[in-house]
Structure formats: structure tokens, C-alpha cells
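Accompanying notes for the structure given below.
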Amino acid sequence: MKDVVFVTGSQRKADYLAELLGHPVEHIKLDLDEIQSLNLKDVVTHKVRQAYQKVQRPVLVEDVSLEMPALGRLPGTFIRWFIEELSLEGVCRLLDGKERNAVVRCMYGYADGTTEEFFESVLTGTISEKPSSFIGFGGFDPIFIPEGYTVPRSELSREDDHKTYLQIKPIKKVGDYLSSIYTQR
């Protein structure tokens with residue numbers, strides 16, 4: 001698995017991926033253009049192709065979407081910008097008087113110059129009335145309450161954090177795929 005390069009701006013995300021895969025994962029921080037689309041696969045496809053062009057080695061990229069059905073598919077892949085512009089509190093206020101249901105989608109893309117593979121996971125839940133004061137890993141963790149829980153992800157125990165992270169992120173699918181291609185060599 002050392003042959004694949006995880007392209008992400010977050011060392012913490014790379015370390016967490018390696019921990020959950022149980023294998024070291026090389027990490028490179030690159031600036032990649034993100035296309036504007038609510039279609040998660042379109043965003044990940046563009047990112048993985050661009051990452052491969054820059055690195056010229058097998059790459060893995062990841063992106064996430066937080067959809068609030070009361071707002072259509074928004075904020076979707078634009079969640080980072082919604083948080084930056086409105087704050088977590090502002091994102092919570094968008095749902096005042098509306099259903100607070102939410103869907104997190106995460107997709108990893110792999111490319112090696114000849115093959116592209118995509119792995120997606122989905123986790124349902126709700127958006128809290130207000131952000132938790134505990135940040136956790138950041139992002140939308142202080143406002144997303146996974147189905148079956150009563151507190152946002154940022155307040156979960158380490159065990160429940162791992163459990164829900166593995167529901168959000170298709171880590172097992174990625175790990176199984178990488179193991180299969182690297183054992184074929």
C-alpha cells in the first residue's frame with residue numbers, strides 16, 4: 001500500500017486513514033482545483049484525475065458532501081464554504097422551522113493512469129439546533145448528529161467516533177481494493 005499517495009491538505013486526515021487501514025499511507029499536500037458541482041462523483045473524479053496528472057503515481061483523494069433535504073442538496077459539496085461564510089451557527093439557523101434531517105456522503109477516488117475506482121459511503125442523521133462547543137476534528141462534526149445518537153460527532157467517545165467515521169468514510173472498501181491490487185503484483 002506504500003505505492004499509493006493520499007492527496008489531501010490535512011495531515012490529520014492522512015494519519016487517521018493510515019490508522020484505520022492499518023497500513024502506512026504516503027501523504028502529499030497539493031493545491032487542487034475543486035469544480036463547482038453538487039454532484040460528489042463529479043467533484044471527486046476531477047480531483048483524482050488532477051492529482052494523478054500532478055503526481056504521476058497511483059493516488060487516492062477524498063471529498064465529502066453534507067446534504068440537508070430541507071434545502072434540496074445544499075450545502076452538499078459546498079459545506080466548507082457555507083461554514084466559512086455563515087459559521088456553524090449560521091448553518092444551523094438555515095434549518096430553523098424546517099426538518100433538520102441530514103445526509104453525509106463521502107467518496108474516495110483512486111487513479112493510477114489506467115484505472116479509476118470510486119468508493120462511497122452514506123451516513124444519515126440530523127443537524128443540531130446549535131453547534132457544540134467541542135470542536136473535535138472540526139468541519140461539520142460540531143453540528144452533525146449521526147442517526148442513533150443524541151449529540152454531535154464532536155462529542156462522541158473515541159469508540160463511537162471511530163464507529164461513525166467508518167460509516168461515513170468507505171475505509172473498508174478502499175482498504176479491500178488497495179489490498180487486492182497490491183497483492184496481485
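Please note that chains go A, B, ... in the order of the C-alpha cells, that every chain numbers its residues from 1, and that ligands are numbered from 1 in the order shown.
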Identify, on the basis of only C-alpha atoms, every residue whose closest approach to Pro152 of chain A does not exceed 6 Å; exclude the query and any residue fewer than 5 positions from it along the same chain; express the result as a ChimeraX atom specification.
-> /A:142-145
Write to file, as an mmCIF file, in the first residue's frame, the residues of the selection just made, with N, CA and C atoms.
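selection.cif written:
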data_model
loop_
_atom_site.group_PDB
_atom_site.id
_atom_site.type_symbol
_atom_site.label_atom_id
_atom_site.label_comp_id
_atom_site.auth_asym_id
_atom_site.auth_seq_id
_atom_site.Cartn_x
_atom_site.Cartn_y
_atom_site.Cartn_z
ATOM 1 N N PRO A 142 -19.235 19.474 14.806
ATOM 2 C CA PRO A 142 -19.960 20.077 15.922
ATOM 3 C C PRO A 142 -21.464 20.267 15.692
ATOM 4 N N ILE A 143 -21.952 20.011 14.457
ATOM 5 C CA ILE A 143 -23.393 20.193 14.214
ATOM 6 C C ILE A 143 -24.082 18.946 13.673
ATOM 7 N N PHE A 144 -23.329 17.918 13.290
ATOM 8 C CA PHE A 144 -23.938 16.717 12.710
ATOM 9 C C PHE A 144 -24.115 15.646 13.776
ATOM 10 N N ILE A 145 -25.375 15.259 14.001
ATOM 11 C CA ILE A 145 -25.712 14.205 14.960
ATOM 12 C C ILE A 145 -26.036 12.944 14.164
#
Requested in this report: From chain A, collect each residue whose DSSP state is strand (DSSP E) and return the set as a ChimeraX atom specification.
Outcome: /A:5-7,26-28,59-67,75-76,101-111,116-127,144-146
Take the residues from that selection and write them out as a compact mmCIF listing (two decimals), in the first residue's frame, keeping N, CA and C atoms.
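Dumped to out-v1.txt:
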# COMPACT_ATOMS: atom_id res chain seq x y z
N VAL A 5 -0.49 7.28 -3.06
CA VAL A 5 -0.28 8.56 -2.39
C VAL A 5 -1.65 9.16 -2.10
N PHE A 6 -1.90 9.48 -0.83
CA PHE A 6 -3.14 10.13 -0.45
C PHE A 6 -2.93 11.63 -0.58
N VAL A 7 -3.67 12.26 -1.47
CA VAL A 7 -3.55 13.69 -1.71
C VAL A 7 -4.63 14.40 -0.91
N GLU A 26 1.39 7.13 2.32
CA GLU A 26 2.13 8.33 1.98
C GLU A 26 1.14 9.46 1.72
N HIS A 27 1.50 10.65 2.16
CA HIS A 27 0.61 11.80 2.05
C HIS A 27 1.35 12.93 1.34
N ILE A 28 0.64 13.57 0.41
CA ILE A 28 1.17 14.76 -0.26
C ILE A 28 0.09 15.82 -0.20
N VAL A 59 -2.84 7.51 -6.98
CA VAL A 59 -3.30 8.49 -5.99
C VAL A 59 -4.67 8.12 -5.44
N LEU A 60 -4.92 8.63 -4.26
CA LEU A 60 -6.20 8.50 -3.59
C LEU A 60 -6.60 9.89 -3.14
N VAL A 61 -7.83 10.29 -3.45
CA VAL A 61 -8.37 11.57 -2.98
C VAL A 61 -9.70 11.30 -2.32
N GLU A 62 -10.20 12.31 -1.61
CA GLU A 62 -11.45 12.14 -0.89
C GLU A 62 -12.18 13.47 -0.86
N ASP A 63 -13.50 13.39 -0.86
CA ASP A 63 -14.32 14.59 -0.66
C ASP A 63 -15.60 14.17 0.03
N VAL A 64 -16.27 15.15 0.59
CA VAL A 64 -17.46 14.89 1.39
C VAL A 64 -18.55 15.89 1.03
N SER A 65 -19.78 15.46 1.26
CA SER A 65 -20.95 16.28 1.00
C SER A 65 -21.88 16.17 2.20
N LEU A 66 -22.39 17.29 2.67
CA LEU A 66 -23.39 17.30 3.73
C LEU A 66 -24.67 17.89 3.15
N GLU A 67 -25.64 17.02 2.91
CA GLU A 67 -26.90 17.44 2.29
C GLU A 67 -27.99 17.57 3.35
N PRO A 75 -26.08 22.15 1.76
CA PRO A 75 -24.92 22.76 1.13
C PRO A 75 -24.10 21.77 0.31
N GLY A 76 -24.30 20.48 0.52
CA GLY A 76 -23.62 19.49 -0.31
C GLY A 76 -22.12 19.62 -0.27
N ASN A 101 -33.16 16.95 9.14
CA ASN A 101 -32.50 15.75 8.63
C ASN A 101 -31.29 16.12 7.78
N ALA A 102 -30.30 15.23 7.79
CA ALA A 102 -29.08 15.47 7.02
C ALA A 102 -28.51 14.14 6.54
N VAL A 103 -27.78 14.22 5.45
CA VAL A 103 -27.12 13.04 4.88
C VAL A 103 -25.68 13.43 4.58
N VAL A 104 -24.75 12.65 5.12
CA VAL A 104 -23.33 12.84 4.81
C VAL A 104 -22.95 11.79 3.79
N ARG A 105 -22.34 12.23 2.72
CA ARG A 105 -21.80 11.32 1.70
C ARG A 105 -20.30 11.56 1.63
N CYS A 106 -19.56 10.49 1.58
CA CYS A 106 -18.12 10.59 1.43
C CYS A 106 -17.71 9.69 0.28
N MET A 107 -16.81 10.19 -0.54
CA MET A 107 -16.33 9.40 -1.66
C MET A 107 -14.82 9.52 -1.76
N TYR A 108 -14.18 8.37 -1.94
CA TYR A 108 -12.76 8.31 -2.25
C TYR A 108 -12.64 7.97 -3.73
N GLY A 109 -11.64 8.54 -4.36
CA GLY A 109 -11.32 8.20 -5.74
C GLY A 109 -9.89 7.73 -5.83
N TYR A 110 -9.67 6.70 -6.62
CA TYR A 110 -8.34 6.14 -6.84
C TYR A 110 -8.06 6.21 -8.35
N ALA A 111 -6.84 6.60 -8.70
CA ALA A 111 -6.44 6.59 -10.11
C ALA A 111 -4.97 6.21 -10.20
N GLU A 116 -9.54 3.91 -12.79
CA GLU A 116 -10.15 4.81 -11.81
C GLU A 116 -11.20 4.01 -11.07
N GLU A 117 -11.20 4.13 -9.75
CA GLU A 117 -12.19 3.46 -8.91
C GLU A 117 -12.73 4.46 -7.92
N PHE A 118 -14.00 4.28 -7.56
CA PHE A 118 -14.66 5.19 -6.63
C PHE A 118 -15.36 4.39 -5.55
N PHE A 119 -15.30 4.90 -4.32
CA PHE A 119 -15.86 4.21 -3.17
C PHE A 119 -16.67 5.22 -2.37
N GLU A 120 -17.95 4.92 -2.14
CA GLU A 120 -18.83 5.88 -1.47
C GLU A 120 -19.49 5.24 -0.26
N SER A 121 -19.69 6.08 0.75
CA SER A 121 -20.45 5.69 1.94
C SER A 121 -21.41 6.82 2.28
N VAL A 122 -22.47 6.46 3.00
CA VAL A 122 -23.50 7.41 3.37
C VAL A 122 -23.85 7.21 4.84
N LEU A 123 -24.04 8.31 5.56
CA LEU A 123 -24.50 8.25 6.94
C LEU A 123 -25.59 9.30 7.12
N THR A 124 -26.73 8.87 7.65
CA THR A 124 -27.83 9.80 7.89
C THR A 124 -27.79 10.29 9.33
N GLY A 125 -28.46 11.40 9.55
CA GLY A 125 -28.53 11.97 10.89
C GLY A 125 -29.33 13.25 10.85
N THR A 126 -29.03 14.14 11.78
CA THR A 126 -29.71 15.43 11.86
C THR A 126 -28.68 16.52 12.14
N ILE A 127 -29.12 17.75 11.94
CA ILE A 127 -28.31 18.92 12.27
C ILE A 127 -28.80 19.45 13.61
N PHE A 144 -23.33 17.92 13.29
CA PHE A 144 -23.94 16.72 12.71
C PHE A 144 -24.11 15.65 13.78
N ILE A 145 -25.38 15.26 14.00
CA ILE A 145 -25.71 14.21 14.96
C ILE A 145 -26.04 12.94 14.16
N PRO A 146 -25.16 11.92 14.24
CA PRO A 146 -25.42 10.69 13.49
C PRO A 146 -26.68 9.98 13.99
**Item:** Who sits within 7 Å of segment 30-34 of chain A, only C-alpha atoms, same chain under 3 positions skipped, as a PyMOL selection string
**Value:** chain A and resi 7-9+43+47+50
From the list A:Arg57, A:Gly136, A:Leu17, A:Thr77, the nearest residue to Asp42 of chain A using only C-alpha atoms is A:Thr77
Using DSSP on the backbone, list every residue of segment 6-60 of chain A that comes out as alpha helix (DSSP H), and give them as a PyMOL selection string.
-> chain A and resi 11-21+40-55
Output C-alpha atoms for every residue in the selection just made, as a compact mmCIF listing (two decimals), in the first residue's frame.
# COMPACT_ATOMS: atom_id res chain seq x y z
CA GLN A 11 -2.05 15.59 7.78
CA ARG A 12 -4.54 14.56 10.50
CA LYS A 13 -6.83 13.08 7.86
CA ALA A 14 -3.91 11.17 6.33
CA ASP A 15 -2.79 9.87 9.74
CA TYR A 16 -6.33 8.80 10.58
CA LEU A 17 -6.68 6.98 7.25
CA ALA A 18 -3.41 5.12 7.87
CA GLU A 19 -4.55 4.20 11.38
CA LEU A 20 -7.89 2.85 10.18
CA LEU A 21 -6.37 0.99 7.21
CA LEU A 40 -19.98 14.45 -5.40
CA LYS A 41 -18.73 11.98 -8.00
CA ASP A 42 -18.05 14.79 -10.48
CA VAL A 43 -16.01 16.63 -7.84
CA VAL A 44 -14.01 13.52 -6.86
CA THR A 45 -13.45 12.48 -10.48
CA HIS A 46 -11.99 15.89 -11.29
CA LYS A 47 -9.81 15.85 -8.16
CA VAL A 48 -8.43 12.34 -8.69
CA ARG A 49 -7.58 12.99 -12.34
CA GLN A 50 -5.88 16.27 -11.50
CA ALA A 51 -3.98 14.65 -8.60
CA TYR A 52 -2.75 11.86 -10.85
CA GLN A 53 -1.61 14.36 -13.50
CA LYS A 54 0.44 16.21 -10.89
CA VAL A 55 1.89 13.20 -9.03
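Counting from atom CA of Arg158 of chain A, the distance to atom CA of Phe137 of chain A is 11.4 Å.
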task: Find the distance between atom CA of Glu99 of chain A and atom CA of Asn39 of chain A and write it in Å to one decimal.
output: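 Atom CA of Asn39 of chain A lies 22.3 Å from atom CA of Glu99 of chain A.
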If I take atom CA of Arg80 of chain A and atom CA of Tyr149 of chain A, how far is one from the other in Å, to one decimal?
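Straight-line distance from atom CA of Arg80 of chain A to atom CA of Tyr149 of chain A works out to 23.4 Å.
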